[in-house]
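> One structure, as structure tokens, below. Some questions next.
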Amino acid sequence: MSGQASVHAGASAYFGQRRSAKSIAFGTWYVTEHRLRTMRAYLSSIVTVSVFNPVIYLFALGVGIGSYIDANSGAQGVEGVRYLIFVGPALLVSAALTTAFEECSYPVMGGFKWTREFWAMNAAPINGRQVVNGILLATGFRIVFTVSVFWCCLAAFGASPSGYGILAIPAAILSGLAFGTVIMAVASRLEEDDGWFPIINRLIITPMFLFSGTFFPLDQLPIWLRWLGWISPPLARHAIGTRSRVRYVGTALA
Amino acid sequence: MEKPIDIVIHARGLTKDFGQLRAVDSVDFEVRKGEAFGLLGPNGAGKSTTMRMIASVSKRTGGELSILGLDPNEYGPDIRGHLGVVPQQDNLDLEIKVRENLIVYGRYFGLPMKFLRPKADELIEFVQLTEKAKAKVDTLSGGMKRRLTIARALINEPDILLLDEPTTGLDPQARHVLWDRLFRLKESGVTLVITTHYMDEAEQLCDRLIVMDKGRIMAAGTPASLIQEFSSREVVELRFGSDKNARLAEQLRGFGERIEVLPDRILIYTDTGEEDLARIVERGLRPVTSLVRRSSLEDVFLRLTGRSLIE
């Protein structure tokens, strides 16, 4: 059974004049295909988290804390809307950022350091730019899934009163990808796994999450603390801040 | 139709610097189509650096290099499309299955699924992993992972297969299984370029080889011609005990063509091993252990550099 491998059985029929032609044209997509296949290995956890995460957040913050806040803020609400509507889009964007962080941190560092699979890609006619774009594109697919599920939950909780609220989805995708690119740049520079990701998570992402006007309008902070909001990396602050515009568009048209 | 190329790799004055360090120092060699060509040398000799330049992923500092008639500086991706690479450290995707590793990799060359599905099955059978086709790579032994890496390197039907230390870290049985597979590849006409610091591996697999040390080529030829040129037919190995070897070497003067005194043993290069050993014993010298063996590439290396291959 273990005979000769037919070494030249016909691959050349599928190559053009140049063996790199297709890789140059579609290399990014091949990397994406690979990542999606890898994600399939932990598909059940992706799905579980994507559903569980919005449900518990919206229930606790929107319904639990929200009903308390709404009862005490009078007709004006928070920035003119119910608390659930205020906090919902921001949570959706932060879910996109968390997903981007998951896909662009350890997996990227591991591709260089642990599995070394990026070297394998480069030994084929794939270049570094294609690896980066391919991973981002695959991350994008996962974000699309996560935020779509999130948005459905928002709608189910009645937190998206206008059809225009769906614009939160593209905003979250772009924000997630922008953030993922930065994380990927950091991940590709790390030579050792000496705790940088938990540090980024606790000292950058968590404060950004808490103090970028996610849970309360920034002007609620005492003036001497507002700098925390202002110094949050502009990119991500902007990302979480995007929800304001989406929310206002949504409520203005409602 | 492409013109048949008999010289598939051509290097002249090939040089690679890393800052102040000259890792490869003006080496010349040619690899012919269908042969198994070896780069033998200790760690740090410049073998892997040479290999990375051939693999068209590391740019040379100077000299000429052409692979399949193309300059890797200009046609890197095109050349890589014709190569199969088995790196020193396996770089498989550990999270997906054995068969998926092959398919995913084949996609990187732009090959369609209808070609890749049967090809992956065929290669899995070739490297004797059929029962593991649906297993995750994580569950494979070291030897199996190595074989899978070889199968993956063959997915694009390469003209040249580059193997960097293919059996380092494997147990003897796994090495023999691997050698057998590489032999079959060679028989089927694949050009093999192999780096190794194992002289037995070089002798088993290589038609022709270069011996490298400190970035330079020390010698080139077939294993047999190198042994003939740089060593004697036989070697007598004597062990008197670590503290006595150097002292007793004096009394062995006159035996063989050359005597090499190593910390743990004395080597006498001779064409008449058994007779010399008998005369040594007659002279009243009593080695703790003695052995007469054929000369190997290890002896060639020792002669050329004054050092053992594996230190």
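Residues in the structure tokens are named by chain (A, B, ... in the order shown) and by number from 1 within that chain; ligands are numbered from 1 in the order shown.
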Taking only C-alpha atoms into account, report as an mmCIF file with all heavy atoms, in the first residue's frame which residues of chain A lie within 9 Å of chain B.

```
data_model
loop_
_atom_site.group_PDB
_atom_site.id
_atom_site.type_symbol
_atom_site.label_atom_id
_atom_site.label_comp_id
_atom_site.auth_asym_id
_atom_site.auth_seq_id
_atom_site.Cartn_x
_atom_site.Cartn_y
_atom_site.Cartn_z
ATOM 1 N N MET A 1 0.824 -1.218 0.000
ATOM 2 C CA MET A 1 0.000 0.000 0.000
ATOM 3 C C MET A 1 0.852 1.260 0.000
ATOM 4 O O MET A 1 0.516 2.261 -0.592
ATOM 5 C CB MET A 1 -0.908 0.015 1.236
ATOM 6 C CG MET A 1 -2.085 -0.932 1.131
ATOM 7 S SD MET A 1 -3.198 -0.513 -0.227
ATOM 8 C CE MET A 1 -4.120 0.841 0.509
ATOM 9 N N SER A 2 1.989 1.170 0.719
ATOM 10 C CA SER A 2 2.763 2.399 0.899
ATOM 11 C C SER A 2 3.760 2.558 -0.236
ATOM 12 O O SER A 2 4.945 2.623 -0.026
ATOM 13 C CB SER A 2 3.498 2.337 2.225
ATOM 14 O OG SER A 2 4.315 1.181 2.232
ATOM 15 N N GLY A 3 3.260 2.595 -1.410
ATOM 16 C CA GLY A 3 4.136 2.631 -2.565
ATOM 17 C C GLY A 3 4.664 4.005 -2.881
ATOM 18 O O GLY A 3 4.785 4.864 -2.021
ATOM 19 N N GLN A 4 4.939 4.189 -4.135
ATOM 20 C CA GLN A 4 5.514 5.430 -4.619
ATOM 21 C C GLN A 4 4.488 6.565 -4.560
ATOM 22 O O GLN A 4 3.316 6.352 -4.848
ATOM 23 C CB GLN A 4 5.874 5.202 -6.084
ATOM 24 C CG GLN A 4 7.158 5.837 -6.474
ATOM 25 C CD GLN A 4 8.344 4.982 -6.071
ATOM 26 O OE1 GLN A 4 8.247 4.078 -5.250
ATOM 27 N NE2 GLN A 4 9.485 5.292 -6.628
ATOM 28 N N ALA A 5 4.936 7.743 -4.189
ATOM 29 C CA ALA A 5 4.050 8.899 -4.335
ATOM 30 C C ALA A 5 4.203 9.343 -5.781
ATOM 31 O O ALA A 5 5.303 9.462 -6.278
ATOM 32 C CB ALA A 5 4.481 10.015 -3.412
ATOM 33 N N SER A 6 3.082 9.517 -6.454
ATOM 34 C CA SER A 6 3.201 10.002 -7.824
ATOM 35 C C SER A 6 3.509 11.485 -7.733
ATOM 36 O O SER A 6 2.634 12.299 -7.483
ATOM 37 C CB SER A 6 1.914 9.756 -8.602
ATOM 38 O OG SER A 6 0.813 10.190 -7.846
ATOM 39 N N VAL A 7 4.785 11.771 -7.881
ATOM 40 C CA VAL A 7 5.257 13.100 -7.524
ATOM 41 C C VAL A 7 4.773 14.175 -8.493
ATOM 42 O O VAL A 7 4.479 15.288 -8.118
ATOM 43 C CB VAL A 7 6.784 13.102 -7.441
ATOM 44 C CG1 VAL A 7 7.279 14.455 -6.993
ATOM 45 C CG2 VAL A 7 7.215 12.041 -6.474
ATOM 46 N N HIS A 8 4.660 13.805 -9.736
ATOM 47 C CA HIS A 8 4.186 14.813 -10.686
ATOM 48 C C HIS A 8 2.911 14.334 -11.349
ATOM 49 O O HIS A 8 2.865 14.064 -12.534
ATOM 50 C CB HIS A 8 5.273 15.146 -11.704
ATOM 51 C CG HIS A 8 6.389 15.927 -11.072
ATOM 52 N ND1 HIS A 8 7.572 15.354 -10.698
ATOM 53 C CD2 HIS A 8 6.457 17.222 -10.693
ATOM 54 C CE1 HIS A 8 8.338 16.278 -10.135
ATOM 55 N NE2 HIS A 8 7.699 17.412 -10.115
ATOM 56 N N ALA A 9 1.885 14.212 -10.552
ATOM 57 C CA ALA A 9 0.634 13.647 -11.034
ATOM 58 C C ALA A 9 -0.203 14.672 -11.774
ATOM 59 O O ALA A 9 -1.181 14.332 -12.404
ATOM 60 C CB ALA A 9 -0.162 13.078 -9.877
ATOM 61 N N GLY A 10 0.150 15.932 -11.661
ATOM 62 C CA GLY A 10 -0.638 16.875 -12.443
ATOM 63 C C GLY A 10 -0.886 18.220 -11.816
ATOM 64 O O GLY A 10 -1.788 18.933 -12.235
ATOM 65 N N ALA A 11 -0.128 18.574 -10.781
ATOM 66 C CA ALA A 11 -0.321 19.900 -10.203
ATOM 67 C C ALA A 11 -0.047 20.968 -11.260
ATOM 68 O O ALA A 11 -0.701 22.007 -11.287
ATOM 69 C CB ALA A 11 0.591 20.111 -9.008
ATOM 70 N N SER A 12 0.898 20.688 -12.145
ATOM 71 C CA SER A 12 1.296 21.725 -13.105
ATOM 72 C C SER A 12 0.127 22.132 -14.003
ATOM 73 O O SER A 12 0.091 23.249 -14.497
ATOM 74 C CB SER A 12 2.489 21.268 -13.933
ATOM 75 O OG SER A 12 2.265 19.969 -14.398
ATOM 76 N N TYR A 14 -2.644 22.888 -13.010
ATOM 77 C CA TYR A 14 -3.391 23.941 -12.321
ATOM 78 C C TYR A 14 -2.571 25.213 -12.122
ATOM 79 O O TYR A 14 -3.079 26.217 -11.675
ATOM 80 C CB TYR A 14 -3.896 23.436 -10.969
ATOM 81 C CG TYR A 14 -4.843 22.272 -11.126
ATOM 82 C CD1 TYR A 14 -4.391 20.972 -10.926
ATOM 83 C CD2 TYR A 14 -6.163 22.483 -11.508
ATOM 84 C CE1 TYR A 14 -5.245 19.894 -11.082
ATOM 85 C CE2 TYR A 14 -7.023 21.416 -11.669
ATOM 86 C CZ TYR A 14 -6.567 20.124 -11.458
ATOM 87 O OH TYR A 14 -7.412 19.061 -11.611
ATOM 88 N N PHE A 15 -1.284 25.109 -12.401
ATOM 89 C CA PHE A 15 -0.467 26.314 -12.306
ATOM 90 C C PHE A 15 -0.466 26.978 -13.680
ATOM 91 O O PHE A 15 -0.527 26.296 -14.703
ATOM 92 C CB PHE A 15 0.977 25.960 -11.938
ATOM 93 C CG PHE A 15 1.157 25.527 -10.514
ATOM 94 C CD1 PHE A 15 1.627 24.256 -10.205
ATOM 95 C CD2 PHE A 15 0.885 26.406 -9.476
ATOM 96 C CE1 PHE A 15 1.810 23.870 -8.888
ATOM 97 C CE2 PHE A 15 1.074 26.022 -8.161
ATOM 98 C CZ PHE A 15 1.529 24.748 -7.862
ATOM 99 N N ARG A 18 3.410 30.961 -14.490
ATOM 100 C CA ARG A 18 4.208 31.211 -13.280
ATOM 101 C C ARG A 18 3.496 30.570 -12.106
ATOM 102 O O ARG A 18 2.301 30.739 -11.917
ATOM 103 C CB ARG A 18 4.332 32.712 -13.037
ATOM 104 C CG ARG A 18 4.981 33.433 -14.181
ATOM 105 C CD ARG A 18 4.944 34.925 -13.938
ATOM 106 N NE ARG A 18 5.639 35.278 -12.700
ATOM 107 C CZ ARG A 18 5.785 36.532 -12.281
ATOM 108 N NH1 ARG A 18 5.265 37.516 -12.968
ATOM 109 N NH2 ARG A 18 6.434 36.771 -11.166
ATOM 110 N N ARG A 19 4.261 29.855 -11.284
ATOM 111 C CA ARG A 19 3.655 29.126 -10.174
ATOM 112 C C ARG A 19 3.176 30.051 -9.062
ATOM 113 O O ARG A 19 2.520 29.611 -8.133
ATOM 114 C CB ARG A 19 4.639 28.105 -9.610
ATOM 115 C CG ARG A 19 4.648 26.830 -10.404
ATOM 116 C CD ARG A 19 5.128 25.679 -9.545
ATOM 117 N NE ARG A 19 4.941 24.417 -10.259
ATOM 118 C CZ ARG A 19 5.012 23.233 -9.696
ATOM 119 N NH1 ARG A 19 5.289 23.140 -8.407
ATOM 120 N NH2 ARG A 19 4.834 22.138 -10.395
ATOM 121 N N SER A 20 3.551 31.333 -9.122
ATOM 122 C CA SER A 20 3.131 32.220 -8.037
ATOM 123 C C SER A 20 1.909 33.052 -8.431
ATOM 124 O O SER A 20 1.385 33.798 -7.625
ATOM 125 C CB SER A 20 4.272 33.164 -7.662
ATOM 126 O OG SER A 20 4.554 34.024 -8.746
ATOM 127 N N ALA A 21 1.446 32.905 -9.683
ATOM 128 C CA ALA A 21 0.408 33.819 -10.189
ATOM 129 C C ALA A 21 -0.825 33.845 -9.286
ATOM 130 O O ALA A 21 -1.278 34.910 -8.870
ATOM 131 C CB ALA A 21 0.028 33.419 -11.612
ATOM 132 N N LYS A 22 -1.361 32.668 -8.949
ATOM 133 C CA LYS A 22 -2.578 32.645 -8.140
ATOM 134 C C LYS A 22 -2.313 33.090 -6.716
ATOM 135 O O LYS A 22 -3.148 33.760 -6.098
ATOM 136 C CB LYS A 22 -3.172 31.236 -8.134
ATOM 137 C CG LYS A 22 -3.919 30.945 -9.414
ATOM 138 C CD LYS A 22 -4.712 29.670 -9.295
ATOM 139 C CE LYS A 22 -5.349 29.325 -10.615
ATOM 140 N NZ LYS A 22 -5.661 27.892 -10.726
ATOM 141 N N SER A 23 -1.159 32.722 -6.181
ATOM 142 C CA SER A 23 -0.840 33.120 -4.802
ATOM 143 C C SER A 23 -0.737 34.632 -4.701
ATOM 144 O O SER A 23 -1.139 35.217 -3.698
ATOM 145 C CB SER A 23 0.474 32.491 -4.350
ATOM 146 O OG SER A 23 0.482 31.125 -4.642
ATOM 147 N N ILE A 24 -0.166 35.260 -5.730
ATOM 148 C CA ILE A 24 -0.035 36.716 -5.696
ATOM 149 C C ILE A 24 -1.423 37.360 -5.761
ATOM 150 O O ILE A 24 -1.727 38.303 -5.042
ATOM 151 C CB ILE A 24 0.888 37.211 -6.837
ATOM 152 C CG1 ILE A 24 2.346 36.844 -6.501
ATOM 153 C CG2 ILE A 24 0.749 38.723 -7.048
ATOM 154 C CD1 ILE A 24 3.315 37.019 -7.640
ATOM 155 N N PHE A 26 -4.505 35.871 -5.031
ATOM 156 C CA PHE A 26 -5.511 35.477 -4.039
ATOM 157 C C PHE A 26 -4.925 35.082 -2.676
ATOM 158 O O PHE A 26 -5.630 34.509 -1.843
ATOM 159 C CB PHE A 26 -6.334 34.295 -4.569
ATOM 160 C CG PHE A 26 -6.965 34.560 -5.907
ATOM 161 C CD1 PHE A 26 -6.567 33.841 -7.032
ATOM 162 C CD2 PHE A 26 -7.939 35.534 -6.045
ATOM 163 C CE1 PHE A 26 -7.140 34.088 -8.274
ATOM 164 C CE2 PHE A 26 -8.519 35.782 -7.284
ATOM 165 C CZ PHE A 26 -8.120 35.064 -8.396
ATOM 166 N N GLY A 27 -3.638 35.347 -2.469
ATOM 167 C CA GLY A 27 -2.964 34.888 -1.242
ATOM 168 C C GLY A 27 -3.691 35.295 0.026
ATOM 169 O O GLY A 27 -3.813 34.505 0.962
ATOM 170 N N TYR A 30 -6.455 32.984 0.711
ATOM 171 C CA TYR A 30 -6.015 31.661 1.160
ATOM 172 C C TYR A 30 -5.704 31.683 2.658
ATOM 173 O O TYR A 30 -5.995 30.732 3.377
ATOM 174 C CB TYR A 30 -4.782 31.192 0.372
ATOM 175 C CG TYR A 30 -5.011 31.065 -1.112
ATOM 176 C CD1 TYR A 30 -3.989 31.292 -2.023
ATOM 177 C CD2 TYR A 30 -6.272 30.715 -1.610
ATOM 178 C CE1 TYR A 30 -4.194 31.186 -3.388
ATOM 179 C CE2 TYR A 30 -6.490 30.607 -2.980
ATOM 180 C CZ TYR A 30 -5.449 30.848 -3.864
ATOM 181 O OH TYR A 30 -5.658 30.746 -5.215
ATOM 182 N N VAL A 31 -5.093 32.795 3.116
ATOM 183 C CA VAL A 31 -4.811 32.909 4.550
ATOM 184 C C VAL A 31 -6.128 32.967 5.323
ATOM 185 O O VAL A 31 -6.292 32.310 6.355
ATOM 186 C CB VAL A 31 -3.941 34.157 4.849
ATOM 187 C CG1 VAL A 31 -3.732 34.328 6.352
ATOM 188 C CG2 VAL A 31 -2.597 34.072 4.137
ATOM 189 N N GLU A 33 -9.041 31.708 4.441
ATOM 190 C CA GLU A 33 -9.611 30.347 4.429
ATOM 191 C C GLU A 33 -9.001 29.507 5.553
ATOM 192 O O GLU A 33 -9.702 28.790 6.262
ATOM 193 C CB GLU A 33 -9.224 29.657 3.120
ATOM 194 C CG GLU A 33 -10.256 29.686 2.051
ATOM 195 C CD GLU A 33 -9.769 28.901 0.836
ATOM 196 O OE1 GLU A 33 -9.074 27.883 0.974
ATOM 197 O OE2 GLU A 33 -10.074 29.340 -0.276
ATOM 198 N N HIS A 34 -7.683 29.605 5.662
ATOM 199 C CA HIS A 34 -6.982 28.826 6.682
ATOM 200 C C HIS A 34 -7.458 29.212 8.084
ATOM 201 O O HIS A 34 -7.785 28.359 8.896
ATOM 202 C CB HIS A 34 -5.473 29.069 6.524
ATOM 203 C CG HIS A 34 -4.626 28.276 7.478
ATOM 204 N ND1 HIS A 34 -3.268 28.177 7.340
ATOM 205 C CD2 HIS A 34 -4.925 27.562 8.585
ATOM 206 C CE1 HIS A 34 -2.781 27.426 8.315
ATOM 207 N NE2 HIS A 34 -3.764 27.045 9.087
ATOM 208 N N ARG A 37 -10.876 27.948 8.892
ATOM 209 C CA ARG A 37 -10.830 26.526 9.168
ATOM 210 C C ARG A 37 -10.345 26.279 10.603
ATOM 211 O O ARG A 37 -10.838 25.391 11.297
ATOM 212 C CB ARG A 37 -9.859 25.872 8.190
ATOM 213 C CG ARG A 37 -10.246 24.494 7.759
ATOM 214 C CD ARG A 37 -9.222 24.012 6.758
ATOM 215 N NE ARG A 37 -9.734 23.977 5.410
ATOM 216 C CZ ARG A 37 -10.334 22.914 4.872
ATOM 217 N NH1 ARG A 37 -10.535 21.828 5.589
ATOM 218 N NH2 ARG A 37 -10.736 22.928 3.633
ATOM 219 N N THR A 38 -9.349 27.079 11.009
ATOM 220 C CA THR A 38 -8.848 26.948 12.374
ATOM 221 C C THR A 38 -9.933 27.336 13.375
ATOM 222 O O THR A 38 -10.110 26.679 14.405
ATOM 223 C CB THR A 38 -7.599 27.830 12.580
ATOM 224 O OG1 THR A 38 -6.678 27.561 11.534
ATOM 225 C CG2 THR A 38 -6.939 27.559 13.914
ATOM 226 N N MET A 39 -10.691 28.398 13.049
ATOM 227 C CA MET A 39 -11.768 28.827 13.951
ATOM 228 C C MET A 39 -12.803 27.727 14.119
ATOM 229 O O MET A 39 -13.425 27.614 15.171
ATOM 230 C CB MET A 39 -12.469 30.069 13.395
ATOM 231 C CG MET A 39 -11.722 31.364 13.643
ATOM 232 S SD MET A 39 -12.660 32.726 12.895
ATOM 233 C CE MET A 39 -11.342 33.904 12.644
ATOM 234 N N ARG A 40 -12.984 26.939 13.064
ATOM 235 C CA ARG A 40 -13.966 25.872 13.137
ATOM 236 C C ARG A 40 -13.644 24.916 14.284
ATOM 237 O O ARG A 40 -14.537 24.305 14.863
ATOM 238 C CB ARG A 40 -14.006 25.115 11.806
ATOM 239 C CG ARG A 40 -15.368 24.602 11.486
ATOM 240 C CD ARG A 40 -15.474 24.159 10.050
ATOM 241 N NE ARG A 40 -14.542 23.093 9.738
ATOM 242 C CZ ARG A 40 -14.376 22.593 8.512
ATOM 243 N NH1 ARG A 40 -15.070 23.085 7.508
ATOM 244 N NH2 ARG A 40 -13.523 21.629 8.285
ATOM 245 N N ALA A 41 -12.351 24.808 14.610
ATOM 246 C CA ALA A 41 -11.947 23.923 15.704
ATOM 247 C C ALA A 41 -12.511 24.411 17.040
ATOM 248 O O ALA A 41 -12.680 23.617 17.960
ATOM 249 C CB ALA A 41 -10.428 23.820 15.763
ATOM 250 N N GLY A 111 1.703 32.280 15.893
ATOM 251 C CA GLY A 111 2.075 31.990 14.508
ATOM 252 C C GLY A 111 3.549 32.255 14.248
ATOM 253 O O GLY A 111 4.172 31.619 13.400
ATOM 254 N N TRP A 114 5.072 29.977 18.447
ATOM 255 C CA TRP A 114 4.733 28.622 18.910
ATOM 256 C C TRP A 114 4.581 27.648 17.755
ATOM 257 O O TRP A 114 5.350 26.715 17.634
ATOM 258 C CB TRP A 114 3.475 28.668 19.785
ATOM 259 C CG TRP A 114 3.681 29.454 21.032
ATOM 260 C CD1 TRP A 114 4.813 29.477 21.801
ATOM 261 C CD2 TRP A 114 2.748 30.348 21.668
ATOM 262 N NE1 TRP A 114 4.640 30.325 22.867
ATOM 263 C CE2 TRP A 114 3.390 30.863 22.812
ATOM 264 C CE3 TRP A 114 1.444 30.731 21.372
ATOM 265 C CZ2 TRP A 114 2.760 31.767 23.663
ATOM 266 C CZ3 TRP A 114 0.820 31.618 22.222
ATOM 267 C CH2 TRP A 114 1.467 32.138 23.362
ATOM 268 N N THR A 115 3.586 27.854 16.912
ATOM 269 C CA THR A 115 3.441 26.911 15.793
ATOM 270 C C THR A 115 4.389 27.281 14.656
ATOM 271 O O THR A 115 4.727 26.451 13.841
ATOM 272 C CB THR A 115 2.012 26.909 15.222
ATOM 273 O OG1 THR A 115 1.752 28.201 14.678
ATOM 274 C CG2 THR A 115 0.988 26.590 16.285
ATOM 275 N N ARG A 116 4.797 28.530 14.590
ATOM 276 C CA ARG A 116 5.671 29.035 13.522
ATOM 277 C C ARG A 116 5.023 28.899 12.148
ATOM 278 O O ARG A 116 5.710 28.803 11.130
ATOM 279 C CB ARG A 116 7.023 28.317 13.550
ATOM 280 C CG ARG A 116 7.765 28.488 14.866
ATOM 281 C CD ARG A 116 8.978 27.586 14.940
ATOM 282 N NE ARG A 116 9.946 27.907 13.899
ATOM 283 C CZ ARG A 116 10.872 28.830 14.003
ATOM 284 N NH1 ARG A 116 10.990 29.521 15.101
ATOM 285 N NH2 ARG A 116 11.688 29.072 13.012
ATOM 286 N N GLU A 117 3.706 28.862 12.104
ATOM 287 C CA GLU A 117 3.045 28.608 10.817
ATOM 288 C C GLU A 117 3.195 29.765 9.828
ATOM 289 O O GLU A 117 3.063 29.571 8.630
ATOM 290 C CB GLU A 117 1.580 28.226 11.008
ATOM 291 C CG GLU A 117 0.765 29.258 11.738
ATOM 292 C CD GLU A 117 -0.594 28.699 12.170
ATOM 293 O OE1 GLU A 117 -1.349 28.339 11.288
ATOM 294 O OE2 GLU A 117 -0.874 28.648 13.381
ATOM 295 N N PHE A 118 3.505 30.962 10.322
ATOM 296 C CA PHE A 118 3.718 32.061 9.371
ATOM 297 C C PHE A 118 4.953 31.796 8.503
ATOM 298 O O PHE A 118 5.010 32.221 7.354
ATOM 299 C CB PHE A 118 3.870 33.403 10.099
ATOM 300 C CG PHE A 118 2.626 33.828 10.852
ATOM 301 C CD1 PHE A 118 2.717 34.690 11.938
ATOM 302 C CD2 PHE A 118 1.376 33.367 10.471
ATOM 303 C CE1 PHE A 118 1.582 35.072 12.638
ATOM 304 C CE2 PHE A 118 0.231 33.745 11.163
ATOM 305 C CZ PHE A 118 0.344 34.598 12.251
ATOM 306 N N TRP A 119 5.925 31.103 9.098
ATOM 307 C CA TRP A 119 7.097 30.765 8.294
ATOM 308 C C TRP A 119 6.718 29.763 7.211
ATOM 309 O O TRP A 119 7.246 29.813 6.107
ATOM 310 C CB TRP A 119 8.218 30.213 9.185
ATOM 311 C CG TRP A 119 9.117 31.295 9.667
ATOM 312 C CD1 TRP A 119 10.208 31.795 8.995
ATOM 313 C CD2 TRP A 119 9.031 32.046 10.887
ATOM 314 N NE1 TRP A 119 10.784 32.804 9.733
ATOM 315 C CE2 TRP A 119 10.099 32.979 10.894
ATOM 316 C CE3 TRP A 119 8.166 32.011 11.972
ATOM 317 C CZ2 TRP A 119 10.323 33.867 11.932
ATOM 318 C CZ3 TRP A 119 8.389 32.894 13.012
ATOM 319 C CH2 TRP A 119 9.447 33.814 12.994
ATOM 320 N N ALA A 120 5.815 28.863 7.551
ATOM 321 C CA ALA A 120 5.361 27.890 6.553
ATOM 322 C C ALA A 120 4.655 28.611 5.411
ATOM 323 O O ALA A 120 4.859 28.302 4.239
ATOM 324 C CB ALA A 120 4.433 26.873 7.204
ATOM 325 N N MET A 121 3.816 29.602 5.749
ATOM 326 C CA MET A 121 3.114 30.355 4.709
ATOM 327 C C MET A 121 4.118 31.062 3.807
ATOM 328 O O MET A 121 3.964 31.099 2.592
ATOM 329 C CB MET A 121 2.184 31.391 5.346
ATOM 330 C CG MET A 121 1.076 30.792 6.183
ATOM 331 S SD MET A 121 0.098 32.109 6.944
ATOM 332 C CE MET A 121 -0.872 31.166 8.121
ATOM 333 N N ASN A 122 5.134 31.624 4.445
ATOM 334 C CA ASN A 122 6.131 32.380 3.686
ATOM 335 C C ASN A 122 7.013 31.469 2.822
ATOM 336 O O ASN A 122 7.566 31.899 1.819
ATOM 337 C CB ASN A 122 6.990 33.213 4.643
ATOM 338 C CG ASN A 122 7.857 34.225 3.908
ATOM 339 O OD1 ASN A 122 9.020 34.381 4.214
ATOM 340 N ND2 ASN A 122 7.302 34.879 2.905
ATOM 341 N N ALA A 123 7.130 30.188 3.225
ATOM 342 C CA ALA A 123 7.894 29.249 2.396
ATOM 343 C C ALA A 123 7.120 28.929 1.121
ATOM 344 O O ALA A 123 7.692 28.585 0.096
ATOM 345 C CB ALA A 123 8.202 27.976 3.184
ATOM 346 N N ALA A 124 5.799 29.020 1.193
ATOM 347 C CA ALA A 124 4.976 28.980 -0.018
ATOM 348 C C ALA A 124 5.010 30.413 -0.590
ATOM 349 O O ALA A 124 5.563 31.300 0.041
ATOM 350 C CB ALA A 124 3.556 28.566 0.350
ATOM 351 N N PRO A 125 4.413 30.656 -1.736
ATOM 352 C CA PRO A 125 4.565 32.006 -2.291
ATOM 353 C C PRO A 125 3.654 33.064 -1.644
ATOM 354 O O PRO A 125 3.069 33.877 -2.331
ATOM 355 C CB PRO A 125 4.186 31.827 -3.777
ATOM 356 C CG PRO A 125 4.096 30.366 -4.006
ATOM 357 C CD PRO A 125 3.806 29.740 -2.694
ATOM 358 N N ILE A 126 3.529 33.057 -0.330
ATOM 359 C CA ILE A 126 2.667 34.016 0.373
ATOM 360 C C ILE A 126 3.569 35.039 1.061
ATOM 361 O O ILE A 126 4.566 34.662 1.677
ATOM 362 C CB ILE A 126 1.815 33.287 1.444
ATOM 363 C CG1 ILE A 126 0.914 32.230 0.804
ATOM 364 C CG2 ILE A 126 0.994 34.275 2.283
ATOM 365 C CD1 ILE A 126 -0.194 32.767 -0.062
ATOM 366 N N ASN A 127 3.228 36.338 0.952
ATOM 367 C CA ASN A 127 4.076 37.334 1.612
ATOM 368 C C ASN A 127 3.433 37.851 2.906
ATOM 369 O O ASN A 127 2.270 37.552 3.201
ATOM 370 C CB ASN A 127 4.441 38.469 0.654
ATOM 371 C CG ASN A 127 3.217 39.240 0.185
ATOM 372 O OD1 ASN A 127 2.289 39.495 0.955
ATOM 373 N ND2 ASN A 127 3.204 39.623 -1.077
#
```
> Could you pull out all residues of stretch 29-201 of chain A with a DSSP call of helix (DSSP H, G or I) and give them as a PyMOL selection string?
chain A and resi 29-40+43-72+74-76+83-104+106-113+117-123+128-156+163-189+196-201
> Counting only C-alpha atoms, which of B:Arg208, B:Arg99, B:Arg32, B:His10 gets nearest to B:Thr222?
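Comparing B:Arg208, B:Arg99, B:Arg32, B:His10 against B:Thr222, the winner is B:Arg208.
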> Atom CA of B:Glu64 and atom CA of B:Gly46 are how many Å apart?
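So the two atoms, atom CA of B:Glu64 and atom CA of B:Gly46, lie 16.6 Å apart.
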> When you count only C-alpha atoms, which of these residues is closest to A:Trp196: A:Phe141, A:Tyr106, A:Phe86, A:Trp151?
A:Tyr106
> If you run DSSP on the backbone, which residues of stretch 173-294 of chain B are strand (DSSP E or B), as a PyMOL selection string?
chain B and resi 191-196+208-213+216-221+234-239+258-261+266-270+289-294
> With a distance cut-off of 12 Å and only C-alpha atoms, select the neighbouring residues of B:Gly284, excluding the residue or stretch itself and same-chain residues fewer than 4 positions from it, and output the selection as JSON, numbers by chain.
{"B": [248, 251, 252, 277, 278, 279, 280]}
> Near B:Val261, counting only C-alpha atoms, which residues have an atom at most 9 Å away, once you skip same-chain residues fewer than 4 positions from it, shown as a list in words?
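These residues fall inside the cut-off: Asn245, Ala246, Ala249, Arg265, Ile266, Leu267 and Ile268 of chain B.
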> Can you list, as a list in words, every protein, DNA or RNA residue that comes within 12 Å of B:Arg294 when you count only C-alpha atoms, leaving out same-chain residues fewer than 2 positions away?
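After dropping sequence-adjacent residues, the list is Ala224, Ile227, Gln228, Ser231, Ser232, Arg233, Glu234, Val235, Val236, Glu237, Leu267, Ile268, Tyr269, Thr270, Asp271, Thr272, Gly273, Glu274, Leu291, Val292, Ser296, Leu297, Glu298, Asp299 and Val300 of chain B.
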> Leaving out stretch 66-78 of chain A and any residue of its chain fewer than 3 positions from it, which residues lie within 12 Å of it when counting only C-alpha atoms, given as a ChimeraX atom specification?
/A:57-63,81-88,157,159,213-220,244,247-248
